[in-house]
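Enquirer: Mind having a look at this structure? Questions to follow.
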Amino acid sequence: MTAALHEELRALLGSDALLTAPADTEPFEIDHRQLYRGRALAVALPRSVEQVAALVRWCNQRRVGLVPQGGNTGYCGGATPDESGRQLLVSLRRLNRMRAIDRANFSMTVEAGCVLAQIQQAADAAERFFPLSLGSEGSCQIGGNLATNAGGLNVVRYGMTRDLVLGVEAVLADGTVFEGLKSLRKDNTGYDLKSLLIGAEGTLGVITAATLKLWPQMRSSATALLGIAHPAAALELLGRLRAAAGEHLSSFELMPRVAIELAARHVEGVRDPLEQPHPWYILCELTSSSEQGLDALLQQTLADAMERGGILDAALATSERVRAQFWHLREHVPEAQRRAGPSLKHDVSVPVASLPEFIREASLWVHEHVPEGVLVCYGHAGDGNLHFNVNQIGTSAAAAFKAREPEIRRAVHDLVARYHGSISAEHGIGRLKREELQRYAPPGALHAMRAIKQALDPNGIMNPGKLL
């Protein structure tokens, strides 16, 4: 039966667009964090939206589950097939054309398989700026960014991926192509279907292309790395920077001392940025499309904060090399954690004003209940998103430490819910947090999501077992 299905798929795509040998399919069947190892019916590599539509129709007619995959850099197992060997994995990597760049309209249309860094470079070559920036931007694909509504380093100024999109093209569960590649800023003609597809993690359709918003090319920046005593000082500084710099504040990242130590110990090219150690650190950046005096503005704002005791120490980036060093440190904290050993990860958000108190209460719980772990709490403080991770320390067995994950996750997520936060700020739900969504989402929201899923995918073929 499997051999017959393979022949049908080859007839649709061509023999070079279907992978069936285990050695060829295995890299697609393991998620980025190696939490899930699936087994696919085959891996399809379509070259066009027409071929994607043909694949979706084929799957719908035969009730075969279809799993879309971009760069396979996700954290929640949302692009990995299950272990049944009955789901078709569709890799979008060959849909990688930059279809158009409209400089006058400040927009560009790209296919789902385009790597994020290449999109940034294409915008820059056109003297424009695309602000989505992630640690995985050299390998993640825009289709996956759209499917998970990715966040990243510039959300405080530009918003999430959904805020950066004017239109999408997608294939729905019956094979219909939704032709929504509009470049309009204003369009009130019915439901906002693009926003429904963005963040749906491939459960409502396969996104094949998108029209993205662009901004004027950034021509100046000012960056600083600061030592502070506690997160409350970060919140106060954030308010000062927003008042003084307005929309020029593009990034505001919070890191604890332990994150600095881990990165300096495990990542080449990272060094301790300040002469003395401090309990917490802030990496902040102002940017502008004009040659403005951002350095002077940042220095004055930081000097005022230092006079009031909010900042203990500061280092300003005096060159692009120093700026790159600061960001190299921040972006490699996850890699440092991985190299240091087992880590229990939580991608959460709370209202920005609640960050200090949440960190205090959650840190106290970890200290009292997880003596074999050290808290590494860092992230996008400007938008309330924390990567609240617990790394193993000491000589305790890794298996025993990992076995405590459900208990620790429940405590962290219950606390997040008490602060009216989110259990998934920017990484999505996927397979990892599917049951967590059932626990914490309001019943009305779950009812609406299930109704939408049933209406658009009545046979349940689109990324089955994910999100819902």
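As shown in the structure tokens, the chain order sets the letters A, B, ...; within each chain, residues go from 1, and ligands are also counted from 1 in the order they appear.
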Could I get the residues of stretch 416-447 of chain A with an atom no further than 12 Å from an atom of stretch 394-410 of chain A, each paired with its nearest atom pair and that distance in Å to one decimal, using only C-alpha atoms, sorted by chain and residue number, as CSV?

Expert:
```
residue,atom,partner,partner_atom,distance
A:Val416,CA,A:Arg410,CA,9.7
A:Ala417,CA,A:Arg410,CA,10.4
A:Ile423,CA,A:Arg409,CA,9.7
A:Leu432,CA,A:Pro406,CA,11.5
A:Lys433,CA,A:Arg409,CA,10.4
A:Glu435,CA,A:Arg410,CA,11.4
A:Glu436,CA,A:Arg410,CA,8.9
A:Arg439,CA,A:Arg410,CA,10.3
A:Tyr440,CA,A:Arg410,CA,10.8
```

Enquirer: Keeping only N, CA and C atoms, take the residues you just selected and write them out as an mmCIF file, in the first residue's frame.

Expert:
```cif
data_model
loop_
_atom_site.group_PDB
_atom_site.id
_atom_site.type_symbol
_atom_site.label_atom_id
_atom_site.label_comp_id
_atom_site.auth_asym_id
_atom_site.auth_seq_id
_atom_site.Cartn_x
_atom_site.Cartn_y
_atom_site.Cartn_z
ATOM 1 N N VAL A 416 1.877 31.967 35.851
ATOM 2 C CA VAL A 416 1.640 32.808 34.683
ATOM 3 C C VAL A 416 0.153 33.114 34.542
ATOM 4 N N ALA A 417 -0.682 32.096 34.706
ATOM 5 C CA ALA A 417 -2.129 32.287 34.594
ATOM 6 C C ALA A 417 -2.629 33.247 35.672
ATOM 7 N N ILE A 423 1.077 31.187 28.289
ATOM 8 C CA ILE A 423 1.995 30.057 28.412
ATOM 9 C C ILE A 423 2.842 29.873 27.157
ATOM 10 N N LEU A 432 3.992 20.110 21.852
ATOM 11 C CA LEU A 432 4.516 20.205 23.204
ATOM 12 C C LEU A 432 3.502 20.776 24.189
ATOM 13 N N LYS A 433 2.761 21.809 23.787
ATOM 14 C CA LYS A 433 1.886 22.517 24.722
ATOM 15 C C LYS A 433 0.404 22.322 24.406
ATOM 16 N N GLU A 435 -1.792 20.014 25.409
ATOM 17 C CA GLU A 435 -2.617 19.793 26.597
ATOM 18 C C GLU A 435 -2.619 21.023 27.506
ATOM 19 N N GLU A 436 -1.511 21.766 27.508
ATOM 20 C CA GLU A 436 -1.469 22.991 28.304
ATOM 21 C C GLU A 436 -2.491 24.003 27.795
ATOM 22 N N ARG A 439 -5.821 23.302 29.129
ATOM 23 C CA ARG A 439 -5.950 23.629 30.555
ATOM 24 C C ARG A 439 -6.157 25.115 30.788
ATOM 25 N N TYR A 440 -5.453 25.953 30.013
ATOM 26 C CA TYR A 440 -5.414 27.378 30.350
ATOM 27 C C TYR A 440 -6.262 28.272 29.439
#
```

Enquirer: Looking only at alpha helix (DSSP H) from DSSP on the backbone, list the matching residues of stretch 46-227 of chain A as JSON, numbers by chain.

Expert: {"A": [49, 50, 51, 52, 53, 54, 55, 56, 57, 58, 59, 60, 61, 62, 116, 117, 118, 119, 120, 121, 122, 123, 124, 125, 142, 143, 144, 145, 146, 147, 148, 155, 156, 157, 158, 193, 194, 195, 196, 197]}

Enquirer: Once you have the residues from the selection above, write them out as a PDB file, in the first residue's frame, restricted to C-alpha atoms.

Expert:
```
ATOM      1  CA  VAL A  49       1.835  26.610  -5.168  1.00  0.00           C
ATOM      2  CA  GLU A  50       0.113  24.442  -7.798  1.00  0.00           C
ATOM      3  CA  GLN A  51       2.069  21.417  -6.622  1.00  0.00           C
ATOM      4  CA  VAL A  52       1.215  22.211  -2.991  1.00  0.00           C
ATOM      5  CA  ALA A  53      -2.463  22.402  -3.944  1.00  0.00           C
ATOM      6  CA  ALA A  54      -2.231  19.059  -5.736  1.00  0.00           C
ATOM      7  CA  LEU A  55      -0.629  17.487  -2.665  1.00  0.00           C
ATOM      8  CA  VAL A  56      -3.290  18.872  -0.328  1.00  0.00           C
ATOM      9  CA  ARG A  57      -6.109  17.619  -2.578  1.00  0.00           C
ATOM     10  CA  TRP A  58      -4.446  14.205  -2.713  1.00  0.00           C
ATOM     11  CA  CYS A  59      -4.169  14.072   1.077  1.00  0.00           C
ATOM     12  CA  ASN A  60      -7.747  15.250   1.595  1.00  0.00           C
ATOM     13  CA  GLN A  61      -9.157  12.643  -0.782  1.00  0.00           C
ATOM     14  CA  ARG A  62      -7.251   9.826   0.948  1.00  0.00           C
ATOM     15  CA  LEU A 116      14.565  35.043   6.944  1.00  0.00           C
ATOM     16  CA  ALA A 117      18.138  36.365   6.672  1.00  0.00           C
ATOM     17  CA  GLN A 118      17.864  36.390   2.866  1.00  0.00           C
ATOM     18  CA  ILE A 119      14.671  38.430   3.115  1.00  0.00           C
ATOM     19  CA  GLN A 120      16.439  40.918   5.382  1.00  0.00           C
ATOM     20  CA  GLN A 121      19.319  41.144   2.894  1.00  0.00           C
ATOM     21  CA  ALA A 122      16.996  41.613  -0.094  1.00  0.00           C
ATOM     22  CA  ALA A 123      15.182  44.421   1.700  1.00  0.00           C
ATOM     23  CA  ASP A 124      18.507  46.052   2.581  1.00  0.00           C
ATOM     24  CA  ALA A 125      19.676  45.849  -1.046  1.00  0.00           C
ATOM     25  CA  ILE A 142       9.353  32.920   6.572  1.00  0.00           C
ATOM     26  CA  GLY A 143       6.577  30.338   6.179  1.00  0.00           C
ATOM     27  CA  GLY A 144       7.398  28.942   9.593  1.00  0.00           C
ATOM     28  CA  ASN A 145       7.677  32.462  11.037  1.00  0.00           C
ATOM     29  CA  LEU A 146       4.187  33.172   9.744  1.00  0.00           C
ATOM     30  CA  ALA A 147       2.742  29.842  10.877  1.00  0.00           C
ATOM     31  CA  THR A 148       3.933  30.444  14.450  1.00  0.00           C
ATOM     32  CA  VAL A 155       8.698  43.360  18.944  1.00  0.00           C
ATOM     33  CA  VAL A 156       8.787  46.339  21.312  1.00  0.00           C
ATOM     34  CA  ARG A 157       8.793  48.631  18.271  1.00  0.00           C
ATOM     35  CA  TYR A 158       7.379  46.672  15.324  1.00  0.00           C
ATOM     36  CA  LEU A 193      -8.405  35.614   6.780  1.00  0.00           C
ATOM     37  CA  LYS A 194      -4.678  36.258   6.631  1.00  0.00           C
ATOM     38  CA  SER A 195      -4.555  36.858  10.377  1.00  0.00           C
ATOM     39  CA  LEU A 196      -6.455  33.616  10.917  1.00  0.00           C
ATOM     40  CA  LEU A 197      -3.862  31.653   8.961  1.00  0.00           C
TER      41      LEU A 197
END
```

Enquirer: Can you list, as a ChimeraX atom specification, every protein, DNA or RNA residue that comes within 9 Å of stretch 446-453 of chain A when you count only C-alpha atoms, leaving out same-chain residues fewer than 3 positions away?

Expert: /A:203-204,437-438,441-443,456-458,460,468

Enquirer: Kindly save the residues from that selection, with N, CA and C atoms included, as a compact mmCIF listing (two decimals), in the first residue's frame.

Expert:
```
# COMPACT_ATOMS: atom_id res chain seq x y z
N THR A 203 -2.46 24.29 10.83
CA THR A 203 -3.64 23.47 11.10
C THR A 203 -4.86 23.90 10.28
N LEU A 204 -4.78 25.05 9.62
CA LEU A 204 -5.90 25.53 8.79
C LEU A 204 -5.54 25.62 7.31
N LEU A 437 -2.65 24.09 26.48
CA LEU A 437 -3.64 25.00 25.92
C LEU A 437 -5.04 24.61 26.39
N GLN A 438 -5.33 23.32 26.44
CA GLN A 438 -6.64 22.87 26.89
C GLN A 438 -6.88 23.26 28.35
N ALA A 441 -6.58 27.83 28.24
CA ALA A 441 -7.36 28.69 27.35
C ALA A 441 -8.81 28.79 27.85
N PRO A 442 -9.44 29.94 27.72
CA PRO A 442 -10.85 30.07 28.11
C PRO A 442 -11.71 29.11 27.29
N PRO A 443 -12.74 28.51 27.89
CA PRO A 443 -13.60 27.57 27.15
C PRO A 443 -14.19 28.16 25.88
N LEU A 456 -12.97 24.63 8.31
CA LEU A 456 -11.95 24.74 7.27
C LEU A 456 -11.26 23.42 6.97
N ASP A 457 -11.27 22.49 7.92
CA ASP A 457 -10.57 21.22 7.74
C ASP A 457 -11.41 20.08 8.31
N PRO A 458 -12.57 19.81 7.69
CA PRO A 458 -13.50 18.82 8.26
C PRO A 458 -12.94 17.42 8.35
N GLY A 460 -9.77 16.79 9.02
CA GLY A 460 -8.68 16.78 10.00
C GLY A 460 -7.33 16.40 9.44
N LEU A 468 -4.54 21.75 18.61
CA LEU A 468 -5.79 21.27 19.20
C LEU A 468 -5.78 19.75 19.26
```

Enquirer: Under the rule that only C-alpha atoms are counted, which of A:Ser48, A:Gln217, A:Asn149, A:Thr223 is the nearest residue to A:Ala324?

Expert: A:Thr223

Enquirer: Looking at A:Gln325, A:Ser84, A:Thr211, A:Asn385, which one is nearest to A:Ser354, with distances taken over only C-alpha atoms?

Expert: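 That would be A:Asn385, the residue with the smallest distance to A:Ser354.
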
Enquirer: List the neighbours of stretch 1-4 of chain A out to 12 Å using only C-alpha atoms; skip same-chain residues closer than 3 positions along the sequence, and give me the result as JSON, numbers by chain.

Expert: {"A": [7, 8, 9, 10, 11, 20, 21, 40, 41, 42, 64, 85, 86, 87, 88]}

Enquirer: Please measure the separation of atom CA of A:Ser183 and atom CA of A:Asn96, giving the value in Å to one decimal.

Expert: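 We find that atom CA of A:Ser183 and atom CA of A:Asn96 lie 19.5 Å from each other.
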
Enquirer: Would you mind listing what lies within 7 Å of A:Val43 as number ranges by chain, with only C-alpha atoms counted and same-chain residues fewer than 6 positions away left out?

Expert: A: 18-20, 25, 88-91

Enquirer: Write the selection just made, keeping C-alpha atoms, as a short mmCIF file (atom, residue, chain, number, x, y, z; two decimals), in the first residue's frame?

Expert:
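Contents of part10.cif, as written:
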```
data_model
loop_
_atom_site.label_atom_id
_atom_site.label_comp_id
_atom_site.auth_asym_id
_atom_site.auth_seq_id
_atom_site.Cartn_x
_atom_site.Cartn_y
_atom_site.Cartn_z
CA LEU A 18 9.77 12.85 -3.16
CA LEU A 19 12.06 11.41 -0.50
CA THR A 20 11.26 7.93 0.82
CA THR A 25 13.73 11.50 5.42
CA LEU A 88 3.01 13.20 4.56
CA LEU A 89 5.63 15.81 5.44
CA VAL A 90 5.67 18.73 3.00
CA SER A 91 8.87 20.75 3.04
#
```

Enquirer: For stretch 298-408 of chain A versus stretch 273-288 of chain A, which residues have an atom no more than 12 Å away, and what is each residue's nearest atom pair and distance in Å rounded to one decimal, using only C-alpha atoms, chain-then-number order, as a Markdown table?

Expert:
```
| residue | atom | partner | partner_atom | distance |
| --- | --- | --- | --- | --- |
| A:Leu298 | CA | A:Leu286 | CA | 7.6 |
| A:Gln299 | CA | A:Leu286 | CA | 11.2 |
| A:Thr301 | CA | A:Leu286 | CA | 11.7 |
| A:Leu302 | CA | A:Cys284 | CA | 10.7 |
| A:Gly310 | CA | A:Ile282 | CA | 11.5 |
| A:Ile311 | CA | A:Tyr281 | CA | 9.5 |
| A:Leu312 | CA | A:His278 | CA | 7.8 |
| A:Asp313 | CA | A:Leu274 | CA | 7.5 |
| A:Ala314 | CA | A:Leu274 | CA | 7.4 |
| A:Ala315 | CA | A:Leu274 | CA | 6.9 |
| A:Leu316 | CA | A:Cys284 | CA | 9.8 |
| A:Ala317 | CA | A:Glu285 | CA | 9.7 |
| A:Val322 | CA | A:Pro273 | CA | 9.7 |
| A:Arg323 | CA | A:Glu285 | CA | 9.4 |
| A:Ala324 | CA | A:Leu283 | CA | 11.8 |
| A:Gln325 | CA | A:Pro273 | CA | 8.7 |
| A:Phe326 | CA | A:Leu283 | CA | 7.5 |
| A:Trp327 | CA | A:Leu283 | CA | 8.1 |
| A:His328 | CA | A:Pro273 | CA | 11.2 |
| A:Leu329 | CA | A:Pro273 | CA | 8.9 |
| A:Arg330 | CA | A:Leu283 | CA | 8.0 |
| A:Glu331 | CA | A:Leu283 | CA | 11.1 |
| A:Pro356 | CA | A:Trp280 | CA | 11.8 |
| A:Ile359 | CA | A:Trp280 | CA | 11.9 |
| A:Val376 | CA | A:Trp280 | CA | 11.1 |
| A:Cys377 | CA | A:Trp280 | CA | 10.1 |
| A:Tyr378 | CA | A:Tyr281 | CA | 9.4 |
| A:Gly379 | CA | A:Ile282 | CA | 9.8 |
| A:His380 | CA | A:Leu283 | CA | 9.8 |
| A:Ala381 | CA | A:Ile282 | CA | 8.9 |
| A:Gly382 | CA | A:Cys284 | CA | 9.3 |
```

Enquirer: I'd like the neighbourhood of A:Pro131 as a VMD selection string, where a residue qualifies if any of its atoms comes within 10 Å (using only C-alpha atoms), though same-chain residues fewer than 3 positions away should be ignored.

Expert: chain A and resid 120 123 128 134 152 to 155 157 to 161 164 213 to 215 217 to 218 250

Enquirer: Quick one: write out the picked residues with C-alpha atoms as an mmCIF file, in the first residue's frame?

Expert:
```
data_model
loop_
_atom_site.group_PDB
_atom_site.id
_atom_site.type_symbol
_atom_site.label_atom_id
_atom_site.label_comp_id
_atom_site.auth_asym_id
_atom_site.auth_seq_id
_atom_site.Cartn_x
_atom_site.Cartn_y
_atom_site.Cartn_z
ATOM 1 C CA GLN A 120 16.439 40.918 5.382
ATOM 2 C CA ALA A 123 15.182 44.421 1.700
ATOM 3 C CA ARG A 128 14.471 49.105 2.842
ATOM 4 C CA LEU A 134 15.499 35.957 15.468
ATOM 5 C CA GLY A 152 12.019 38.073 18.206
ATOM 6 C CA LEU A 153 14.168 41.017 19.164
ATOM 7 C CA ASN A 154 12.247 43.993 17.727
ATOM 8 C CA VAL A 155 8.698 43.360 18.944
ATOM 9 C CA ARG A 157 8.793 48.631 18.271
ATOM 10 C CA TYR A 158 7.379 46.672 15.324
ATOM 11 C CA GLY A 159 5.156 44.004 16.855
ATOM 12 C CA MET A 160 4.891 40.273 16.131
ATOM 13 C CA THR A 161 5.068 38.701 12.668
ATOM 14 C CA LEU A 164 4.420 42.796 9.600
ATOM 15 C CA LYS A 213 5.668 45.351 5.165
ATOM 16 C CA LEU A 214 8.969 47.170 4.780
ATOM 17 C CA TRP A 215 10.331 50.235 6.535
ATOM 18 C CA GLN A 217 16.481 51.482 5.830
ATOM 19 C CA MET A 218 17.997 51.969 9.270
ATOM 20 C CA SER A 250 13.570 48.938 19.070
#
```

Enquirer: Report as a list in words all protein, DNA and RNA residues lying within 12 Å of A:His369, evaluated on only C-alpha atoms, omitting residues in the same chain fewer than 4 positions from it.

Expert: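 Residues near the query, excluding close chain neighbours: Ala362, Ser363, Leu364, Trp365, Gly373, Val374, Leu375, Val390, Arg404, Glu407, Ile408, Ala411 and Val412 of chain A.
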